[in-house]
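Pasted below: model_36.txt, compact mmCIF, C-alpha atoms and all ligand atoms.
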# COMPACT_ATOMS: atom_id res chain seq x y z
CA MET A 1 -8.99 9.00 1.88
CA THR A 2 -8.41 6.29 4.48
CA SER A 3 -5.47 7.20 6.69
CA ARG A 4 -2.47 4.95 7.27
CA ILE A 5 -3.34 4.46 10.92
CA SER A 6 -6.85 3.29 10.12
CA ILE A 7 -5.52 0.88 7.47
CA ARG A 8 -3.06 -0.51 10.01
CA ASP A 9 -5.83 -0.87 12.59
CA SER A 10 -8.09 -2.64 10.11
CA LEU A 11 -5.53 -5.34 9.29
CA PRO A 12 -6.88 -8.74 10.31
CA VAL A 13 -5.07 -10.56 13.10
CA TYR A 14 -3.33 -13.66 11.80
CA SER A 15 -1.34 -16.16 13.79
CA GLU A 16 1.60 -18.01 12.25
CA ASP A 17 -0.52 -21.20 12.60
CA ASP A 18 -3.45 -19.67 10.65
CA CYS A 19 -1.10 -18.77 7.82
CA GLU A 20 0.56 -22.19 7.80
CA SER A 21 -2.82 -23.94 7.67
CA ALA A 22 -4.03 -21.70 4.83
CA LEU A 23 -0.86 -22.33 2.82
CA PHE A 24 -0.98 -26.05 3.55
CA ALA A 25 -4.55 -26.20 2.20
CA ALA A 26 -3.56 -24.19 -0.87
CA LYS A 27 -0.52 -26.34 -1.56
CA TRP A 28 -2.09 -29.73 -0.83
CA PRO A 29 -5.87 -29.31 -1.34
CA HIS A 30 -6.31 -33.11 -1.28
CA GLY A 31 -4.01 -33.69 1.68
CA PHE A 32 -0.23 -33.99 1.84
CA ARG A 33 1.58 -35.47 -1.15
CA CYS A 34 5.30 -36.02 -1.12
CA PRO A 35 6.74 -33.93 -4.00
CA ARG A 36 9.17 -36.73 -4.82
CA CYS A 37 7.10 -39.93 -4.58
CA ALA A 38 3.50 -38.68 -4.01
CA HIS A 39 3.22 -40.67 -0.78
CA PRO A 40 0.36 -39.28 1.39
CA TYR A 41 1.83 -39.76 4.90
CA TYR A 42 4.45 -37.69 6.68
CA TYR A 43 6.19 -37.07 9.99
CA GLU A 44 6.38 -33.50 11.24
CA VAL A 45 9.88 -32.47 12.13
CA SER A 46 11.30 -29.15 13.21
CA SER A 47 14.59 -27.79 11.98
CA ARG A 48 15.98 -24.42 13.15
CA GLY A 49 12.50 -23.29 14.11
CA ARG A 50 11.02 -24.27 10.75
CA ARG A 51 8.27 -26.83 10.39
CA LEU A 52 9.20 -29.56 7.93
CA PHE A 53 7.29 -32.51 6.54
CA GLU A 54 9.21 -35.74 6.14
CA CYS A 55 7.81 -38.34 3.78
CA ARG A 56 7.23 -41.67 5.55
CA SER A 57 8.15 -43.57 2.42
CA CYS A 58 11.23 -41.91 0.90
CA ARG A 59 12.28 -39.63 3.83
CA HIS A 60 12.31 -36.57 1.57
CA GLN A 61 11.85 -33.40 3.59
CA THR A 62 9.80 -30.48 2.34
CA SER A 63 8.29 -27.31 3.77
CA ILE A 64 5.09 -25.41 3.12
CA THR A 65 6.89 -22.68 1.22
CA ALA A 66 9.24 -24.91 -0.83
CA GLY A 67 8.81 -24.26 -4.54
CA THR A 68 6.50 -21.28 -4.02
CA VAL A 69 7.14 -17.53 -4.22
CA LEU A 70 7.61 -17.57 -0.44
CA GLU A 71 10.54 -19.97 -0.61
CA GLY A 72 13.67 -18.72 1.12
CA SER A 73 11.97 -15.67 2.59
CA ARG A 74 12.91 -14.81 6.17
CA THR A 75 9.88 -12.55 6.53
CA PRO A 76 7.27 -14.07 8.89
CA LEU A 77 4.24 -15.60 7.18
CA THR A 78 1.93 -13.19 9.00
CA LYS A 79 3.59 -10.26 7.19
CA TRP A 80 3.26 -12.04 3.85
CA PHE A 81 -0.43 -12.54 4.56
CA HIS A 82 -0.87 -8.88 5.48
CA ALA A 83 0.85 -7.97 2.21
CA MET A 84 -1.63 -10.23 0.35
CA TYR A 85 -4.50 -8.63 2.24
CA LEU A 86 -3.23 -5.16 1.34
CA MET A 87 -2.88 -6.09 -2.32
CA GLN A 88 -6.66 -5.67 -2.42
CA LEU A 89 -5.98 -1.92 -2.07
CA GLY A 90 -3.16 -1.78 -4.64
CA ILE A 91 -0.68 0.13 -2.48
CA SER A 92 2.95 1.03 -3.18
CA ALA A 93 5.95 -0.77 -1.67
CA LYS A 94 6.75 2.36 0.36
CA LEU A 95 3.38 2.33 2.09
CA LEU A 96 3.45 -1.45 2.47
CA ALA A 97 6.85 -1.22 4.20
CA GLU A 98 5.39 1.28 6.65
CA LEU A 99 2.25 -0.73 7.32
CA ILE A 100 3.80 -4.15 7.89
CA GLN A 101 7.06 -2.84 9.38
CA VAL A 102 9.63 -4.20 6.96
CA THR A 103 12.33 -2.48 4.90
CA TYR A 104 11.45 -0.93 1.56
CA LYS A 105 13.46 -3.59 -0.29
CA THR A 106 11.58 -6.41 1.47
CA ALA A 107 8.22 -4.79 0.73
CA TRP A 108 9.18 -4.26 -2.92
CA LEU A 109 10.27 -7.88 -3.19
CA ILE A 110 7.09 -9.21 -1.56
CA ASN A 111 4.90 -7.15 -3.89
CA HIS A 112 6.84 -8.27 -6.94
CA LYS A 113 6.86 -11.92 -5.92
CA LEU A 114 3.09 -11.73 -5.46
CA ARG A 115 2.83 -10.11 -8.91
CA HIS A 116 4.94 -12.92 -10.31
CA ALA A 117 2.47 -15.47 -8.84
CA ILE A 118 -0.40 -13.45 -10.31
CA GLY A 119 1.33 -13.46 -13.71
CA GLN A 120 1.48 -17.28 -13.64
CA TRP A 121 -2.16 -17.46 -12.55
CA ASP A 122 -3.12 -15.22 -15.47
CA ARG A 123 -1.03 -17.19 -17.95
CA ASP A 124 -2.85 -20.40 -17.02
CA ARG A 125 -6.26 -18.82 -17.60
CA PRO A 126 -6.90 -17.66 -21.18
CA LEU A 127 -10.04 -15.69 -22.02
CA GLU A 128 -12.99 -17.86 -23.02
CA GLY A 129 -16.27 -17.13 -24.76
CA ALA A 130 -17.39 -13.76 -26.16
CA VAL A 131 -14.32 -11.52 -25.95
CA GLN A 132 -14.28 -7.72 -26.19
CA LEU A 133 -11.08 -5.98 -27.27
CA LEU A 134 -9.82 -2.42 -26.94
CA GLY A 135 -6.52 -1.01 -28.25
CA GLU A 136 -4.97 1.75 -26.11
CA TYR A 137 -1.61 3.36 -25.29
CA TYR A 138 0.34 3.80 -22.08
CA GLY A 139 2.10 7.13 -22.24
CA TYR A 140 5.13 7.19 -19.89
CA GLU A 141 4.26 10.85 -19.35
CA TYR A 142 5.95 10.94 -15.95
CA HIS A 143 9.18 9.45 -17.24
CA ARG A 144 9.20 11.78 -20.17
CA HIS A 145 8.72 14.72 -17.86
CA LEU A 146 11.50 13.70 -15.47
CA GLY A 147 13.91 11.93 -17.78
CA SER A 148 16.95 13.27 -19.55
CA SER A 149 16.49 14.79 -22.97
CA ASN A 150 17.67 11.46 -24.37
CA ALA A 151 14.97 9.55 -22.45
CA GLN A 152 12.41 12.09 -23.60
CA GLN A 153 13.38 11.32 -27.17
CA THR A 154 13.38 7.55 -26.87
CA LEU A 155 10.40 6.67 -24.64
CA LYS A 156 7.44 6.17 -26.89
CA PRO A 157 3.89 5.29 -25.91
CA GLN A 158 3.43 1.57 -25.27
CA PRO A 159 0.58 -0.05 -27.21
CA ILE A 160 -1.71 -2.04 -24.92
CA VAL A 161 -4.55 -4.39 -25.80
CA VAL A 162 -7.33 -4.65 -23.22
CA GLY A 163 -9.36 -7.86 -23.56
CA ALA A 164 -12.24 -9.05 -21.41
CA THR A 165 -15.22 -11.30 -21.05
CA LEU A 166 -18.25 -9.88 -19.24
CA ASP A 167 -21.36 -11.34 -17.63
CA GLU A 168 -24.97 -10.19 -18.26
CA SER A 169 -24.64 -7.33 -15.78
CA ASP A 170 -21.43 -6.07 -17.45
CA GLN A 171 -19.16 -7.24 -14.63
CA PHE A 172 -15.78 -8.62 -15.60
CA VAL A 173 -15.59 -12.39 -15.67
CA HIS A 174 -11.97 -12.07 -16.77
CA LEU A 175 -9.94 -9.01 -17.69
CA LYS A 176 -6.50 -8.83 -19.29
CA MET A 177 -4.32 -5.88 -20.29
CA LYS A 178 -1.28 -6.83 -22.32
CA ALA A 179 1.57 -4.79 -23.68
CA VAL A 180 1.82 -5.53 -27.37
CA ASP A 181 5.19 -5.97 -28.99
CA GLY A 182 4.97 -5.56 -32.69
CA PRO A 183 7.02 -7.58 -35.17
CA GLU A 184 8.21 -4.25 -36.58
CA GLY A 185 10.50 -3.82 -33.59
CA ASN A 186 11.46 -0.19 -33.39
CA ASP A 187 8.76 1.25 -35.60
CA THR A 188 6.79 3.03 -32.91
CA THR A 189 5.62 5.72 -35.24
CA ARG A 190 2.74 3.53 -36.44
CA ARG A 191 0.24 4.66 -33.85
CA GLY A 192 -2.43 2.52 -35.43
CA VAL A 193 -0.85 -0.75 -34.39
CA ALA A 194 -2.51 -1.33 -31.00
CA ASP A 195 -6.00 -0.87 -32.30
CA GLY A 196 -5.12 -2.45 -35.65
CA GLU A 197 -5.82 -5.96 -36.82
CA GLU A 198 -2.33 -7.19 -36.16
CA ALA A 199 -2.18 -6.32 -32.45
CA ALA A 200 -5.62 -7.80 -31.88
CA GLU A 201 -4.56 -10.98 -33.68
CA ARG A 202 -1.43 -11.37 -31.56
CA PHE A 203 -3.45 -10.82 -28.40
CA VAL A 204 -6.04 -13.40 -29.44
CA GLN A 205 -3.36 -15.96 -30.32
CA ARG A 206 -1.70 -15.64 -26.93
CA HIS A 207 -4.53 -14.94 -24.54
CA VAL A 208 -7.80 -16.35 -25.91
CA ALA A 209 -8.64 -20.05 -25.56
CA GLY A 210 -8.84 -21.59 -29.00
CA GLY A 211 -6.98 -18.63 -30.52
CA LEU A 212 -8.38 -17.24 -33.72
CA ALA A 213 -10.99 -19.96 -33.91
CA ALA A 214 -12.91 -18.17 -31.16
CA GLY A 215 -15.80 -16.81 -33.19
CA HIS A 216 -17.38 -13.91 -31.40
CA MET A 217 -15.22 -10.95 -30.76
CA LYS A 218 -16.16 -7.31 -30.44
CA LYS A 219 -13.60 -4.58 -31.06
CA LEU A 220 -14.20 -1.29 -29.30
CA GLU A 221 -13.19 2.17 -30.49
CA PRO A 222 -10.35 3.59 -28.36
CA GLY A 223 -10.60 7.08 -26.87
CA HIS A 224 -11.24 9.18 -23.79
CA ARG A 225 -14.98 9.18 -24.24
CA GLY A 226 -15.53 5.44 -24.49
CA ARG A 227 -18.20 4.28 -22.04
CA SER A 228 -17.75 0.51 -22.04
CA PRO A 229 -16.47 -1.30 -18.91
CA LEU A 230 -13.16 -1.83 -20.77
CA HIS A 231 -12.72 1.91 -21.32
CA PHE A 232 -13.46 2.62 -17.65
CA ALA A 233 -11.11 -0.13 -16.51
CA TRP A 234 -8.28 1.16 -18.70
CA ARG A 235 -8.71 4.74 -17.44
CA GLU A 236 -8.74 3.42 -13.85
CA ALA A 237 -5.55 1.44 -14.49
CA VAL A 238 -3.73 4.51 -15.84
CA LYS A 239 -4.96 6.59 -12.90
CA TRP A 240 -3.76 3.94 -10.44
CA LEU A 241 -0.31 3.73 -12.07
CA SER A 242 0.06 7.52 -12.06
CA TRP A 243 -1.32 8.36 -8.63
CA THR A 244 0.09 5.44 -6.65
CA PHE A 245 3.46 4.98 -8.33
CA GLY A 246 4.00 8.16 -10.31
CA GLY A 247 4.02 6.07 -13.50
CA ILE A 248 5.70 2.75 -14.26
CA GLY A 249 8.61 2.11 -16.60
CA PRO A 250 8.54 -0.46 -19.39
CA LYS A 251 10.34 -3.24 -17.50
CA HIS A 252 7.65 -3.88 -14.89
CA LEU A 253 4.60 -2.36 -16.59
CA GLN A 254 3.16 -5.78 -17.48
CA ALA A 255 3.41 -7.02 -13.87
CA TYR A 256 1.47 -4.00 -12.57
CA LEU A 257 -1.18 -4.38 -15.28
CA ASN A 258 -1.54 -8.06 -14.33
CA GLU A 259 -2.06 -7.07 -10.70
CA PHE A 260 -4.72 -4.51 -11.65
CA CYS A 261 -6.60 -7.02 -13.83
CA PHE A 262 -6.34 -9.70 -11.14
CA ARG A 263 -8.05 -7.32 -8.71
CA LEU A 264 -10.94 -6.62 -11.07
CA THR A 265 -11.30 -10.26 -12.13
CA CYS A 266 -11.26 -11.80 -8.63
CA ARG A 267 -12.93 -8.95 -6.67
CA GLY A 268 -14.36 -10.52 -3.46
CA ALA A 269 -12.34 -13.73 -3.83
CA LEU A 270 -9.02 -11.94 -4.30
CA LEU A 271 -7.40 -12.97 -1.04
CA ALA A 272 -8.35 -16.63 -1.43
CA GLU A 273 -7.08 -16.67 -5.04
CA LEU A 274 -3.85 -14.99 -4.01
CA ILE A 275 -3.23 -17.51 -1.24
CA GLY A 276 -3.98 -20.20 -3.83
CA CYS A 277 -1.35 -18.67 -6.18
CA CYS A 278 1.18 -18.67 -3.35
CA GLY A 279 0.56 -22.32 -2.59
CA THR A 280 1.44 -23.43 -6.10
CA ARG A 281 4.80 -23.82 -7.76
CA ASN A 282 5.95 -20.31 -8.54
CA ARG A 283 9.46 -19.95 -7.27
CA ILE A 284 11.22 -16.72 -8.28
CA THR A 285 14.42 -15.17 -6.91
CA TYR A 286 15.40 -11.52 -6.56
CA ARG A 287 17.82 -11.98 -9.43
CA GLY A 288 15.03 -13.51 -11.46
CA LEU A 289 12.85 -10.48 -10.79
CA VAL A 290 15.37 -7.79 -11.62
CA GLY A 291 17.66 -9.58 -14.08
CA PRO A 292 17.42 -9.22 -17.84
CA ARG A 293 16.00 -12.72 -18.21
CA SER A 294 13.30 -12.11 -15.64
CA GLY A 295 10.01 -13.96 -15.74
CA ILE A 296 8.45 -10.58 -16.29
CA ARG A 297 9.51 -9.84 -19.83
CA PRO A 298 11.10 -6.43 -20.35
CA LEU A 299 9.03 -4.50 -22.84
CA LYS A 300 11.12 -3.34 -25.71
CA TRP A 301 8.44 -1.67 -27.72
CA GLY A 302 8.73 1.66 -25.99
CA TYR A 303 12.33 2.26 -27.02
CA ARG A 304 13.75 3.46 -30.28
CA ARG A 305 16.79 1.39 -31.12
CA PRO A 306 20.12 2.91 -32.20
CA ALA A 307 20.36 3.58 -35.93
CA GLN A 308 22.74 0.70 -36.72
CA GLN A 309 20.30 -1.84 -35.25
CA GLN A 310 17.22 -0.54 -36.93
CA ASP A 311 16.93 -3.35 -39.42
CA ARG A 312 16.92 -6.00 -36.66
CA ARG A 313 13.72 -7.28 -35.21
CA ALA A 314 12.92 -7.12 -31.51
CA VAL A 315 13.47 -10.49 -29.89
ZN ZN B 401 8.32 -39.43 -0.63
Do you think you could lay out the structure here as structure tokens?
Amino acid sequence: MTSRISIRDSLPVYSEDDCESALFAAKWPHGFRCPRCAHPYYYEVSSRGRRLFECRSCRHQTSITAGTVLEGSRTPLTKWFHAMYLMQLGISAKLLAELIQVTYKTAWLINHKLRHAIGQWDRDRPLEGAVQLLGEYYGYEYHRHLGSSNAQQTLKPQPIVVGATLDESDQFVHLKMKAVDGPEGNDTTRRGVADGEEAAERFVQRHVAGGLAAGHMKKLEPGHRGRSPLHFAWREAVKWLSWTFGGIGPKHLQAYLNEFCFRLTCRGALLAELIGCCGTRNRITYRGLVGPRSGIRPLKWGYRRPAQQQDRRAV
């Protein structure tokens, strides 16, 4: 395995100017546009060490990071760019903190803000063409092993639908893994649901362009011995979640799956796509990330609800 020191040594050298130019190009690919009046000309002004752009028409001031996931961050852009670079390896916040010399909380926040941007990127790009589907389960084995006896009772496997389009050489054109929440709410005893018609239908409605009208679809048999690219990808995802993070709880599972799929979908272009994501409107706060109404929807499927609520549906 590559050691930490060699990863640190292999980090590209970025200057603050390089990062600003890259973000500027991602945010305004056709040149500056005032966010208020779309005027194309600006004055450059500096305020408390920050570079601002003042519209020549309406005098509105904006910055490169305004409205993006980087907004309000006091971490230097070079560290953000190293974090984006390291996202190609899929490392934990603990290792990221060590490598780019920030606190654990900052590293965690950077990783999650990047995952938030990836989630938006993924949402804007439904699957198109001949789609393959695979129903699987994420087990929460680690949590069950460590958790209290109550947690062991209540954490149930999370149904996941893996969907992908592939090119002629079986490389992913686009890969998605989505946690499925069933309309039955708490009824997690129906193990057939993720590979059943209903889960596939919900996945297609939400994540395939044209929804159910999309004609060609191939459903794969789930299981440990499956040899399709989707089976391999799913096994790799589970391995990554277990080995790198020791397993992921239901609240953030979807964000980690999005990151994994983003890596396999973008491959060589990952860094450029990620910078592109960070240049677009994607603002999210710490509260937004950890709060109950976070952009990353808490997954309720995995929990059994208390008896008195059993007749209610999951919202
Ligand atoms: Zn303006």
Contact check, chain A to ligand ZN 401 (chain B), at most 6 Å, counting all atoms listed in the file, closest pairs as CSV:
residue,atom,partner,partner_atom,distance
A:Cys34,CA,B:ZN401,ZN,4.6
A:Arg36,CA,B:ZN401,ZN,5.1
A:Cys37,CA,B:ZN401,ZN,4.2
A:Ala38,CA,B:ZN401,ZN,5.9
A:His39,CA,B:ZN401,ZN,5.3
A:Cys55,CA,B:ZN401,ZN,4.6
A:Ser57,CA,B:ZN401,ZN,5.1
A:Cys58,CA,B:ZN401,ZN,4.1
A:Arg59,CA,B:ZN401,ZN,6.0
A:His60,CA,B:ZN401,ZN,5.4
Please define a box with edges along x, y and z of the file around all atoms of stretch 235-251 of chain A given in the file, extend it by 5 Å on each side, and return its centre and edge lengths in Å to one decimal, as JSON.
{"center_x": 0.8, "center_y": 2.6, "center_z": -13.0, "size_x": 29.1, "size_y": 21.6, "size_z": 22.7}
> Could you state the separation of atom CA of A:Ser10 and atom CA of A:Leu253 in Å, given to one decimal place?
Replying inline: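 So the two atoms, atom CA of A:Ser10 and atom CA of A:Leu253, lie 29.6 Å apart.
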>> Give me the residues near stretch 12-29 of chain A as an MDAnalysis selection string, where near means some atom within 8 Å (using only C-alpha atoms) and where sequence neighbours in that chain fewer than 5 positions away do not count.
In response: chainID A and resid 64:65 76:78 81:82 275:280
> Could you work out how far atom CA of A:Gly268 lies from atom CA of A:Val173, giving the answer in Å with one decimal?
Replying inline: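 Atom-to-atom, atom CA of A:Val173 and atom CA of A:Gly268 are spaced 12.4 Å apart.
A search radius of 8 Å centred on (11.5, -38.1, 8.8), applied to only C-alpha atoms, returns the residues Tyr42, Tyr43, Glu44, Val45, Phe53, Glu54, Cys55, Arg56, Arg59, His60 and Gln61 of chain A.
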>> Just checking: using all atoms listed in the file, which residue out of A:Val290, A:Leu114, A:Ala209, A:Ala200 ends up closest to A:Gly90?
In response: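 The answer is A:Leu114, which sits nearest to A:Gly90.
Coordinates place atom CA of A:Arg74 at a distance of 14.1 Å from atom CA of A:Ile100.
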Using only C-alpha atoms, find each residue of stretch 44-97 of chain A with at least one atom at most 10 Å away from an atom of stretch 103-109 of chain A; report its shortest atom-to-atom pair and that distance in Å (one decimal), sort the rows by chain and rising residue number, and return the result as a tab-separated table.
residue	atom	partner	partner_atom	distance
A:Ser73	CA	A:Thr106	CA	9.3
A:Arg74	CA	A:Thr106	CA	9.7
A:Thr75	CA	A:Thr106	CA	8.1
A:Lys79	CA	A:Ala107	CA	9.6
A:Trp80	CA	A:Ala107	CA	9.3
A:Ala83	CA	A:Ala107	CA	8.2
A:Ser92	CA	A:Trp108	CA	8.2
A:Ala93	CA	A:Trp108	CA	4.9
A:Lys94	CA	A:Tyr104	CA	5.9
A:Leu95	CA	A:Ala107	CA	8.7
A:Leu96	CA	A:Ala107	CA	6.1
A:Ala97	CA	A:Ala107	CA	5.2
